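Here is start_7.cif, consisting of mmCIF, C-alpha atoms:
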```
data_start
loop_
_atom_site.group_PDB
_atom_site.id
_atom_site.type_symbol
_atom_site.label_atom_id
_atom_site.label_comp_id
_atom_site.auth_asym_id
_atom_site.auth_seq_id
_atom_site.Cartn_x
_atom_site.Cartn_y
_atom_site.Cartn_z
ATOM 1 C CA MET O 1 -37.752 -29.122 -21.157
ATOM 2 C CA ARG O 2 -36.130 -29.049 -17.729
ATOM 3 C CA TRP O 3 -33.826 -26.148 -18.473
ATOM 4 C CA LYS O 4 -34.346 -23.645 -15.656
ATOM 5 C CA GLY O 5 -31.639 -23.424 -13.027
ATOM 6 C CA ARG O 6 -28.974 -24.842 -15.311
ATOM 7 C CA ARG O 7 -25.689 -23.292 -16.406
ATOM 8 C CA GLY O 8 -25.800 -20.648 -19.096
ATOM 9 C CA SER O 9 -23.053 -20.182 -21.639
ATOM 10 C CA SER O 10 -20.525 -17.354 -21.388
ATOM 11 C CA ASN O 11 -20.282 -17.351 -25.183
ATOM 12 C CA ILE O 12 -23.162 -14.922 -25.690
ATOM 13 C CA ASP O 13 -22.864 -11.606 -27.527
ATOM 14 C CA ASP O 14 -26.126 -9.793 -26.820
ATOM 15 C CA ARG O 15 -26.441 -6.956 -29.338
ATOM 16 C CA ARG O 16 -30.157 -6.371 -28.930
ATOM 17 C CA GLY O 17 -29.684 -3.372 -26.668
ATOM 18 C CA ARG O 18 -27.438 -1.468 -29.036
ATOM 19 C CA SER O 19 -30.408 0.179 -30.685
ATOM 20 C CA GLY O 20 -31.827 1.264 -27.343
ATOM 21 C CA GLY O 21 -33.105 -0.376 -24.178
ATOM 22 C CA PRO O 22 -31.334 -2.411 -21.529
ATOM 23 C CA ARG O 23 -28.948 -5.178 -22.433
ATOM 24 C CA LEU O 24 -29.264 -8.576 -20.846
ATOM 25 C CA ARG O 25 -26.272 -9.613 -18.770
ATOM 26 C CA MET O 26 -25.788 -13.300 -19.380
ATOM 27 C CA PRO O 27 -24.468 -15.698 -16.732
ATOM 28 C CA ARG O 28 -20.860 -16.657 -17.107
ATOM 29 C CA GLY O 29 -19.739 -20.215 -17.555
ATOM 30 C CA ARG O 30 -16.782 -22.061 -18.985
ATOM 31 C CA ARG O 31 -14.647 -20.072 -21.387
ATOM 32 C CA ALA O 32 -14.210 -21.344 -24.907
ATOM 33 C CA ARG O 33 -11.390 -23.770 -25.431
ATOM 34 C CA THR O 34 -9.256 -23.290 -28.512
ATOM 35 C CA GLY O 35 -5.968 -24.494 -29.891
ATOM 36 C CA GLY O 36 -4.603 -27.909 -30.619
ATOM 37 C CA GLY O 37 -5.482 -30.300 -33.390
ATOM 38 C CA ILE O 38 -8.966 -31.701 -33.594
ATOM 39 C CA GLY O 39 -7.692 -35.191 -34.357
ATOM 40 C CA LEU O 40 -10.947 -36.257 -36.010
ATOM 41 C CA THR O 41 -9.647 -37.201 -39.463
ATOM 42 C CA GLY O 42 -11.541 -40.146 -40.787
ATOM 43 C CA LEU O 43 -14.084 -40.154 -37.974
ATOM 44 C CA ILE O 44 -16.828 -38.907 -40.244
ATOM 45 C CA ILE O 45 -17.240 -41.493 -42.958
ATOM 46 C CA VAL O 46 -17.582 -39.693 -46.259
ATOM 47 C CA ALA O 47 -17.173 -40.541 -49.883
ATOM 48 C CA GLY O 48 -14.347 -38.014 -50.106
ATOM 49 C CA VAL O 49 -13.608 -34.549 -48.911
ATOM 50 C CA ALA O 50 -14.401 -33.175 -52.368
ATOM 51 C CA TRP O 51 -18.002 -34.118 -51.767
ATOM 52 C CA LEU O 52 -18.277 -32.393 -48.430
ATOM 53 C CA MET O 53 -20.521 -29.510 -49.219
ATOM 54 C CA GLY O 54 -21.439 -26.292 -47.388
ATOM 55 C CA ILE O 55 -24.625 -24.496 -46.477
ATOM 56 C CA ASN O 56 -27.418 -23.394 -48.746
ATOM 57 C CA PRO O 57 -25.789 -21.470 -51.623
ATOM 58 C CA LEU O 58 -29.039 -19.652 -52.322
ATOM 59 C CA THR O 59 -29.249 -17.755 -49.075
ATOM 60 C CA VAL O 60 -29.653 -14.001 -49.216
ATOM 61 C CA LEU O 61 -26.026 -13.666 -48.188
ATOM 62 C CA SER O 62 -23.863 -15.962 -50.280
ATOM 63 C CA GLN O 63 -21.308 -16.334 -47.511
ATOM 64 C CA LEU O 64 -23.733 -17.236 -44.745
ATOM 65 C CA ASP O 65 -23.578 -20.849 -43.637
ATOM 66 C CA GLY O 66 -26.829 -22.239 -42.298
ATOM 67 C CA GLY O 67 -30.239 -20.774 -41.622
ATOM 68 C CA GLY O 68 -31.854 -18.130 -43.747
ATOM 69 C CA SER O 69 -34.391 -20.447 -45.329
ATOM 70 C CA TYR O 70 -37.215 -20.604 -42.861
ATOM 71 C CA SER O 71 -39.438 -17.804 -44.077
ATOM 72 C CA PRO O 72 -38.997 -14.854 -46.452
ATOM 73 C CA ASP O 73 -41.743 -12.952 -44.646
ATOM 74 C CA PHE O 74 -40.206 -12.912 -41.185
ATOM 75 C CA GLN O 75 -40.450 -9.575 -39.393
ATOM 76 C CA SER O 76 -38.658 -8.851 -36.129
ATOM 77 C CA GLN O 77 -40.778 -8.035 -33.106
ATOM 78 C CA ALA O 78 -39.873 -5.730 -30.196
ATOM 79 C CA PRO O 79 -36.823 -7.331 -28.539
ATOM 80 C CA GLN O 80 -36.897 -5.930 -25.013
ATOM 81 C CA SER O 81 -39.857 -7.907 -23.662
ATOM 82 C CA ALA O 82 -39.752 -10.040 -20.541
ATOM 83 C CA ALA O 83 -40.595 -13.066 -22.701
ATOM 84 C CA ASN O 84 -37.630 -12.459 -24.948
ATOM 85 C CA ASP O 85 -35.313 -11.978 -21.982
ATOM 86 C CA GLU O 86 -36.422 -15.370 -20.672
ATOM 87 C CA THR O 87 -35.880 -16.762 -24.156
ATOM 88 C CA ALA O 88 -32.371 -15.287 -24.118
ATOM 89 C CA GLN O 89 -31.683 -17.141 -20.890
ATOM 90 C CA PHE O 90 -33.127 -20.274 -22.474
ATOM 91 C CA VAL O 91 -30.872 -20.191 -25.549
ATOM 92 C CA SER O 92 -27.888 -19.508 -23.288
ATOM 93 C CA VAL O 93 -28.650 -22.699 -21.359
ATOM 94 C CA ILE O 94 -29.157 -24.702 -24.558
ATOM 95 C CA LEU O 95 -25.891 -23.381 -25.995
ATOM 96 C CA ALA O 96 -24.109 -24.363 -22.778
ATOM 97 C CA ASP O 97 -25.498 -27.878 -23.044
ATOM 98 C CA THR O 98 -24.339 -28.207 -26.648
ATOM 99 C CA GLU O 99 -20.906 -27.134 -25.388
ATOM 100 C CA ASP O 100 -20.954 -29.911 -22.808
ATOM 101 C CA THR O 101 -22.112 -32.484 -25.353
ATOM 102 C CA TRP O 102 -19.656 -31.662 -28.103
ATOM 103 C CA SER O 103 -16.723 -31.055 -25.741
ATOM 104 C CA ALA O 104 -17.216 -34.565 -24.374
ATOM 105 C CA ILE O 105 -17.529 -36.086 -27.845
ATOM 106 C CA PHE O 106 -14.414 -34.318 -29.136
ATOM 107 C CA SER O 107 -12.513 -35.256 -25.986
ATOM 108 C CA ASP O 108 -13.385 -38.919 -26.476
ATOM 109 C CA LEU O 109 -12.025 -38.620 -30.000
ATOM 110 C CA GLY O 110 -8.794 -37.039 -28.832
ATOM 111 C CA GLY O 111 -9.457 -33.380 -29.582
ATOM 112 C CA ASP O 112 -10.719 -30.105 -28.163
ATOM 113 C CA TYR O 113 -13.988 -28.465 -29.113
ATOM 114 C CA PRO O 114 -13.683 -24.751 -29.999
ATOM 115 C CA GLU O 115 -16.941 -23.299 -28.725
ATOM 116 C CA PRO O 116 -18.857 -20.887 -30.985
ATOM 117 C CA THR O 117 -20.334 -17.564 -29.910
ATOM 118 C CA LEU O 118 -24.069 -16.938 -30.118
ATOM 119 C CA VAL O 119 -25.021 -13.426 -31.228
ATOM 120 C CA LEU O 120 -28.469 -12.170 -30.220
ATOM 121 C CA PHE O 121 -29.711 -9.332 -32.410
ATOM 122 C CA SER O 122 -32.892 -7.521 -33.275
ATOM 123 C CA GLY O 123 -33.856 -6.466 -36.770
ATOM 124 C CA SER O 124 -30.466 -6.627 -38.457
ATOM 125 C CA VAL O 125 -26.860 -7.480 -37.728
ATOM 126 C CA SER O 126 -23.384 -7.152 -39.185
ATOM 127 C CA SER O 127 -21.296 -10.318 -39.265
ATOM 128 C CA ALA O 128 -18.011 -11.409 -40.799
ATOM 129 C CA CYS O 129 -20.160 -12.963 -43.537
ATOM 130 C CA GLY O 130 -21.900 -9.686 -44.308
ATOM 131 C CA TYR O 131 -24.969 -7.731 -43.295
ATOM 132 C CA ALA O 132 -28.097 -9.723 -42.482
ATOM 133 C CA SER O 133 -31.665 -8.843 -41.611
ATOM 134 C CA ALA O 134 -34.042 -10.788 -39.421
ATOM 135 C CA ALA O 135 -35.587 -12.154 -42.630
ATOM 136 C CA THR O 136 -32.464 -14.270 -43.076
ATOM 137 C CA GLY O 137 -33.525 -16.369 -40.102
ATOM 138 C CA PRO O 138 -31.076 -17.991 -37.685
ATOM 139 C CA PHE O 139 -27.730 -18.618 -39.344
ATOM 140 C CA TYR O 140 -24.148 -19.685 -38.762
ATOM 141 C CA CYS O 141 -21.219 -17.693 -40.123
ATOM 142 C CA ALA O 142 -18.156 -19.837 -40.742
ATOM 143 C CA ALA O 143 -15.955 -16.758 -41.139
ATOM 144 C CA ASP O 144 -16.276 -15.768 -37.472
ATOM 145 C CA ASP O 145 -17.460 -19.033 -35.856
ATOM 146 C CA LYS O 146 -20.642 -17.365 -34.621
ATOM 147 C CA LEU O 147 -24.320 -18.280 -34.555
ATOM 148 C CA TYR O 148 -26.814 -15.463 -35.115
ATOM 149 C CA ILE O 149 -30.464 -15.285 -34.114
ATOM 150 C CA ASP O 150 -33.181 -12.693 -33.725
ATOM 151 C CA LEU O 151 -35.170 -14.238 -30.867
ATOM 152 C CA SER O 152 -38.419 -13.054 -32.393
ATOM 153 C CA PHE O 153 -37.944 -15.822 -34.935
ATOM 154 C CA TYR O 154 -39.243 -18.209 -32.317
ATOM 155 C CA LYS O 155 -42.621 -16.464 -32.354
ATOM 156 C CA GLN O 156 -42.779 -17.008 -36.086
ATOM 157 C CA LEU O 157 -41.730 -20.616 -35.617
ATOM 158 C CA ALA O 158 -44.707 -21.189 -33.335
ATOM 159 C CA ASP O 159 -47.339 -18.919 -34.873
ATOM 160 C CA GLN O 160 -46.628 -19.032 -38.604
ATOM 161 C CA LEU O 161 -44.758 -22.294 -39.056
ATOM 162 C CA ASN O 162 -46.887 -24.229 -36.547
ATOM 163 C CA ALA O 163 -43.890 -25.540 -34.630
ATOM 164 C CA PRO O 164 -44.393 -24.485 -30.995
ATOM 165 C CA GLY O 165 -42.519 -25.671 -27.952
ATOM 166 C CA ASP O 166 -39.213 -25.063 -26.215
ATOM 167 C CA PHE O 167 -37.639 -28.196 -27.654
ATOM 168 C CA ALA O 168 -38.526 -27.002 -31.150
ATOM 169 C CA GLN O 169 -36.588 -23.846 -30.313
ATOM 170 C CA ALA O 170 -33.698 -25.901 -28.975
ATOM 171 C CA TYR O 171 -33.636 -27.969 -32.172
ATOM 172 C CA VAL O 172 -33.196 -24.828 -34.288
ATOM 173 C CA LEU O 173 -30.204 -23.737 -32.224
ATOM 174 C CA ALA O 174 -28.703 -27.240 -32.152
ATOM 175 C CA HIS O 175 -29.000 -27.382 -35.948
ATOM 176 C CA GLU O 176 -26.923 -24.199 -36.286
ATOM 177 C CA VAL O 177 -24.385 -25.638 -33.843
ATOM 178 C CA GLY O 178 -24.317 -28.625 -36.186
ATOM 179 C CA HIS O 179 -23.024 -26.315 -38.900
ATOM 180 C CA HIS O 180 -20.288 -25.191 -36.527
ATOM 181 C CA ILE O 181 -19.301 -28.833 -36.066
ATOM 182 C CA GLN O 182 -19.080 -29.142 -39.847
ATOM 183 C CA ASN O 183 -16.896 -26.060 -39.994
ATOM 184 C CA VAL O 184 -14.553 -27.389 -37.301
ATOM 185 C CA LEU O 185 -14.258 -30.683 -39.161
ATOM 186 C CA GLY O 186 -13.340 -28.914 -42.407
ATOM 187 C CA ILE O 187 -16.550 -29.684 -44.284
ATOM 188 C CA LEU O 188 -17.615 -26.102 -44.921
ATOM 189 C CA PRO O 189 -14.176 -24.757 -45.914
ATOM 190 C CA GLU O 190 -13.872 -27.517 -48.505
ATOM 191 C CA PHE O 191 -17.248 -26.619 -49.939
ATOM 192 C CA HIS O 192 -16.245 -23.000 -50.458
ATOM 193 C CA LYS O 193 -13.272 -24.203 -52.490
ATOM 194 C CA ILE O 194 -15.283 -26.263 -54.931
ATOM 195 C CA ARG O 195 -18.760 -24.791 -55.179
ATOM 196 C CA ARG O 196 -17.675 -22.465 -57.985
ATOM 197 C CA THR O 197 -17.441 -25.558 -60.179
ATOM 198 C CA LEU O 198 -20.998 -26.678 -59.461
ATOM 199 C CA SER O 199 -24.204 -25.928 -61.278
ATOM 200 C CA LYS O 200 -27.072 -24.546 -59.244
ATOM 201 C CA THR O 201 -28.826 -27.915 -59.262
ATOM 202 C CA GLU O 202 -25.671 -29.743 -58.171
ATOM 203 C CA ALA O 203 -25.021 -27.233 -55.404
ATOM 204 C CA ASN O 204 -28.592 -27.560 -54.182
ATOM 205 C CA ALA O 205 -28.455 -31.359 -54.121
ATOM 206 C CA LEU O 206 -25.235 -31.447 -52.134
ATOM 207 C CA SER O 207 -26.350 -28.622 -49.863
ATOM 208 C CA VAL O 208 -29.257 -30.861 -48.876
ATOM 209 C CA ARG O 209 -26.778 -33.453 -47.634
ATOM 210 C CA VAL O 210 -25.005 -30.864 -45.488
ATOM 211 C CA GLU O 211 -28.254 -29.579 -44.014
ATOM 212 C CA LEU O 212 -29.453 -33.083 -43.214
ATOM 213 C CA GLN O 213 -26.146 -33.825 -41.524
ATOM 214 C CA ALA O 214 -26.636 -30.727 -39.350
ATOM 215 C CA ASP O 215 -30.088 -32.081 -38.450
ATOM 216 C CA CYS O 216 -28.473 -35.387 -37.538
ATOM 217 C CA PHE O 217 -25.878 -33.590 -35.396
ATOM 218 C CA ALA O 218 -28.749 -31.807 -33.642
ATOM 219 C CA GLY O 219 -30.184 -35.238 -32.946
ATOM 220 C CA ILE O 220 -26.885 -36.310 -31.371
ATOM 221 C CA TRP O 221 -27.133 -33.375 -28.955
ATOM 222 C CA ALA O 222 -30.721 -34.353 -28.121
ATOM 223 C CA HIS O 223 -29.563 -37.938 -27.485
ATOM 224 C CA TYR O 224 -27.203 -36.830 -24.733
ATOM 225 C CA ALA O 225 -29.549 -34.156 -23.397
ATOM 226 C CA ALA O 226 -32.166 -36.845 -22.891
ATOM 227 C CA ARG O 227 -30.083 -39.772 -21.683
ATOM 228 C CA GLN O 228 -27.342 -38.161 -19.633
ATOM 229 C CA ARG O 229 -28.556 -34.803 -18.378
ATOM 230 C CA GLY O 230 -32.296 -35.176 -17.964
ATOM 231 C CA PHE O 231 -33.315 -32.210 -20.098
ATOM 232 C CA VAL O 232 -36.021 -33.985 -22.017
ATOM 233 C CA GLU O 233 -39.625 -34.351 -20.922
ATOM 234 C CA ALA O 234 -42.480 -36.255 -22.525
ATOM 235 C CA GLY O 235 -43.354 -34.757 -25.892
ATOM 236 C CA ASP O 236 -40.078 -32.867 -26.372
ATOM 237 C CA ILE O 237 -38.695 -35.053 -29.144
ATOM 238 C CA ASP O 238 -42.027 -34.851 -30.927
ATOM 239 C CA GLU O 239 -41.690 -31.054 -30.834
ATOM 240 C CA ALA O 240 -38.297 -31.275 -32.514
ATOM 241 C CA LEU O 241 -39.537 -33.725 -35.138
ATOM 242 C CA ASN O 242 -42.505 -31.486 -35.865
ATOM 243 C CA ALA O 243 -40.230 -28.447 -36.231
ATOM 244 C CA ALA O 244 -37.945 -30.356 -38.591
ATOM 245 C CA SER O 245 -40.983 -31.300 -40.660
ATOM 246 C CA ARG O 246 -42.427 -27.802 -40.685
ATOM 247 C CA ILE O 247 -39.255 -26.290 -42.175
ATOM 248 C CA GLY O 248 -38.764 -28.886 -44.899
ATOM 249 C CA ASP O 249 -38.318 -27.427 -48.378
ATOM 250 C CA ASP O 250 -41.407 -29.141 -49.746
ATOM 251 C CA THR O 251 -43.642 -27.893 -46.927
ATOM 252 C CA LEU O 252 -42.356 -24.335 -47.121
ATOM 253 C CA GLN O 253 -42.688 -24.183 -50.899
ATOM 254 C CA LEU O 254 -46.145 -25.711 -50.908
ATOM 255 C CA GLU O 255 -47.406 -23.229 -48.335
ATOM 256 C CA ALA O 256 -45.707 -20.245 -49.992
ATOM 257 C CA GLN O 257 -46.532 -20.896 -53.634
ATOM 258 C CA GLY O 258 -48.865 -23.886 -53.811
ATOM 259 C CA TYR O 259 -46.425 -26.229 -55.542
ATOM 260 C CA VAL O 260 -42.932 -27.642 -55.060
ATOM 261 C CA VAL O 261 -39.799 -27.517 -57.201
ATOM 262 C CA PRO O 262 -37.626 -30.449 -56.067
ATOM 263 C CA GLU O 263 -34.533 -29.349 -57.986
ATOM 264 C CA SER O 264 -34.501 -26.143 -55.944
ATOM 265 C CA PHE O 265 -34.516 -27.953 -52.585
ATOM 266 C CA ASN O 266 -31.443 -27.061 -50.546
ATOM 267 C CA HIS O 267 -32.313 -28.149 -46.983
ATOM 268 C CA GLY O 268 -34.240 -31.373 -47.537
ATOM 269 C CA THR O 269 -37.854 -32.451 -47.443
ATOM 270 C CA SER O 270 -39.904 -32.553 -44.278
ATOM 271 C CA GLU O 271 -39.633 -36.327 -44.130
ATOM 272 C CA GLN O 272 -35.866 -36.255 -44.642
ATOM 273 C CA ARG O 273 -35.218 -33.609 -42.010
ATOM 274 C CA ALA O 274 -37.259 -35.393 -39.364
ATOM 275 C CA ARG O 275 -35.727 -38.768 -40.241
ATOM 276 C CA TRP O 276 -32.110 -37.573 -39.993
ATOM 277 C CA PHE O 277 -32.770 -35.817 -36.702
ATOM 278 C CA ARG O 278 -34.240 -39.060 -35.366
ATOM 279 C CA LYS O 279 -31.277 -41.003 -36.730
ATOM 280 C CA GLY O 280 -28.849 -38.848 -34.735
ATOM 281 C CA PHE O 281 -31.061 -38.995 -31.664
ATOM 282 C CA GLU O 282 -31.284 -42.774 -31.696
ATOM 283 C CA ALA O 283 -27.601 -43.428 -32.471
ATOM 284 C CA GLY O 284 -25.876 -40.612 -30.593
ATOM 285 C CA ALA O 285 -22.798 -41.112 -32.776
ATOM 286 C CA ILE O 286 -21.095 -39.006 -35.441
ATOM 287 C CA ASP O 287 -20.649 -41.872 -37.869
ATOM 288 C CA ALA O 288 -24.410 -42.352 -37.973
ATOM 289 C CA CYS O 289 -24.692 -38.959 -39.671
ATOM 290 C CA ASP O 290 -23.015 -39.877 -42.950
ATOM 291 C CA THR O 291 -25.420 -38.190 -45.335
ATOM 292 C CA PHE O 292 -22.751 -38.128 -48.028
ATOM 293 C CA LYS O 293 -22.616 -41.890 -48.556
ATOM 294 C CA ALA O 294 -26.325 -42.434 -48.069
ATOM 295 C CA ALA O 295 -27.808 -43.914 -51.234
ATOM 296 C CA GLN O 296 -31.225 -42.641 -50.192
ATOM 297 C CA LEU O 297 -31.704 -39.489 -48.144
#
```
Using the file provided, produce a representation of the structure as structure tokens.
Amino acid sequence: MRWKGRRGSSNIDDRRGRSGGPRLRMPRGRRARTGGGIGLTGLIIVAGVAWLMGINPLTVLSQLDGGGSYSPDFQSQAPQSAANDETAQFVSVILADTEDTWSAIFSDLGGDYPEPTLVLFSGSVSSACGYASAATGPFYCAADDKLYIDLSFYKQLADQLNAPGDFAQAYVLAHEVGHHIQNVLGILPEFHKIRRTLSKTEANALSVRVELQADCFAGIWAHYAARQRGFVEAGDIDEALNAASRIGDDTLQLEAQGYVVPESFNHGTSEQRARWFRKGFEAGAIDACDTFKAAQL
């Protein structure tokens, strides 16, 4: 990726240094815009708002939206390395580019984009959704509009999940931003109202549709990063597709236990995750990400 020298986001809350060691001072950029109606009603084509479901209901923290499914064996590594500081700069730049992408999309649709905050932590963190450890993986908390990541997850992504590359890392972050988009559009709040009525199997099946939509939204970001801002180099999209495949429910279950249990899937298969990311990348449009009406995921 051609990311160096680009604007970093000001919406970074670096908590890694609170347990000791220097804290990274992130570059400042545009402040988050809030207020005003989104004006996006009807722009996502869905069967009905009652079917708009939230994030994996089987995460360690029942209130956490997004993430937390990548690996139960994740262990945080030492956070104050030069490599991790460069990675912190990297995710700041990627977050800033998602801000540019989604601000432009929302503006075209007549609304403002309320930018989320990205929290960097090491080992464990307290959020408005509860207390989380690094084992939860990257996640989005709808209660405080924040993304959370222990940057050492990226080492696991490359070494244990066989998904190396900076664009693979960018895909993970863009996926969590996708959950923020869902929250802004009212998808996640509606889920929290109705999931008490669902069986575990029903909740899992509809959670898959939400996760695949977040993958598709990540693909929309990649579309604009590639075609308008020159981020993407040869092989980058393949890195993202590989990462999407490597964190599919079937792949993770097969590697962890030697067999798969389809009714327990809550993020989608490897093939589905890669295909919906590609769908968003090729179309670059919100209405292409209608996982809720799709007869076949």
Worksheet item: Within 9 Å of Phe265 (chain O), counting only C-alpha atoms, which residues qualify if same-chain residues fewer than 6 places away don't, as number ranges by chain?
Response: O: 201, 204-205, 207-208, 248-250
Worksheet, complete the sentence: A straight line from CA of Arg2 (chain O) to CA of Thr101 (chain O) spans 16.3 Å
Worksheet entry | For Met1 (chain O), the nearest of the candidates O:Leu185, O:Ala174, O:Ala234, O:Leu206, counting only C-alpha atoms | O:Ala234
Fill in: Output check: residues returned by the PyMOL selection byres ((chain O and resi 270) around 6), as an MDAnalysis selection string
chainID O and resid 245 248 269 271:273
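Once the PyMOL selection byres ((chain O and resi 125) around 10) is applied to the depicted file, the selected set reads Arg15, Arg16, Val119, Leu120, Phe121, Ser122, Gly123, Ser124, Ser126, Ser127, Gly130, Tyr131, Ala132, Ser133, Ala134, Tyr148, Ile149 and Asp150 of chain O.
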Worksheet item: Looking at O:His223, O:Arg229, O:Arg246, O:His192, which one is nearest to Gly280 (chain O), with distances taken over only C-alpha atoms?
Response: O:His223
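Proximity ranking of O:Gly8, O:Gly186, O:Gly178, O:Glu263 relative to Ala203 (chain O) places O:Glu263 first, based on only C-alpha atoms.
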Discussion item. Using Å and a single decimal, report how far CA of Leu118 (chain O) sits from CA of Asn11 (chain O).
Written reply: 6.2 Å
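The gap separating CA of Leu173 (chain O) from CA of Tyr154 (chain O) is 10.6 Å, in Å to one decimal.
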Residues matched by the PyMOL selection byres ((chain O and resi 297) around 8), written as a compact mmCIF listing (two decimals) with C-alpha atoms, in the frame of the given file:
```
# COMPACT_ATOMS: atom_id res chain seq x y z
CA ARG O 209 -26.78 -33.45 -47.63
CA GLN O 272 -35.87 -36.26 -44.64
CA THR O 291 -25.42 -38.19 -45.34
CA ALA O 294 -26.32 -42.43 -48.07
CA ALA O 295 -27.81 -43.91 -51.23
CA GLN O 296 -31.22 -42.64 -50.19
```
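The nearest approach to His267 (chain O) among the residues O:Asp97, O:Asp215, O:Glu115, O:Asp13, with all atoms listed in the file taken into account, belongs to O:Asp215.
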Worksheet entry | Selected residue of minimal separation from Asn162 (chain O) among O:Phe292, O:Glu239, O:Ala285, O:Arg278, counting only C-alpha atoms | O:Glu239
Worksheet item: Which polymer residues have any atom within 10 Å of an atom of Leu147 (chain O), counting all atoms listed in the file, with same-chain residues fewer than 2 positions away left out, as a PyMOL selection string?
Response: chain O and resi 12-13+65-67+116-120+127+138-142+144-145+149+173+176-177+179-180
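Using all atoms listed in the file, the nearest neighbour of Phe231 (chain O) within the list O:Val184, O:Ala256, O:Val261, O:Val93 is O:Val93.
Proximity to region 216-219 of chain O at 8 Å, evaluated using all atoms listed in the file and with sequence-adjacent residues fewer than 2 positions away removed, yields O:Tyr171, O:Ala174, O:His175, O:Val177, O:Gly178, O:Leu212, O:Gln213, O:Ala214, O:Trp221, O:Ala222, O:His223, O:Trp276, O:Phe277, O:Arg278, O:Lys279, O:Gly280, O:Phe281, O:Glu282, O:Gly284, O:Ile286, O:Cys289.
Excluding Val91 (chain O) itself and same-chain residues fewer than 4 positions from it, the residues having an atom within 8 Å of it are Thr87, Leu95, Ala170 and Leu173 of chain O, counting only C-alpha atoms.
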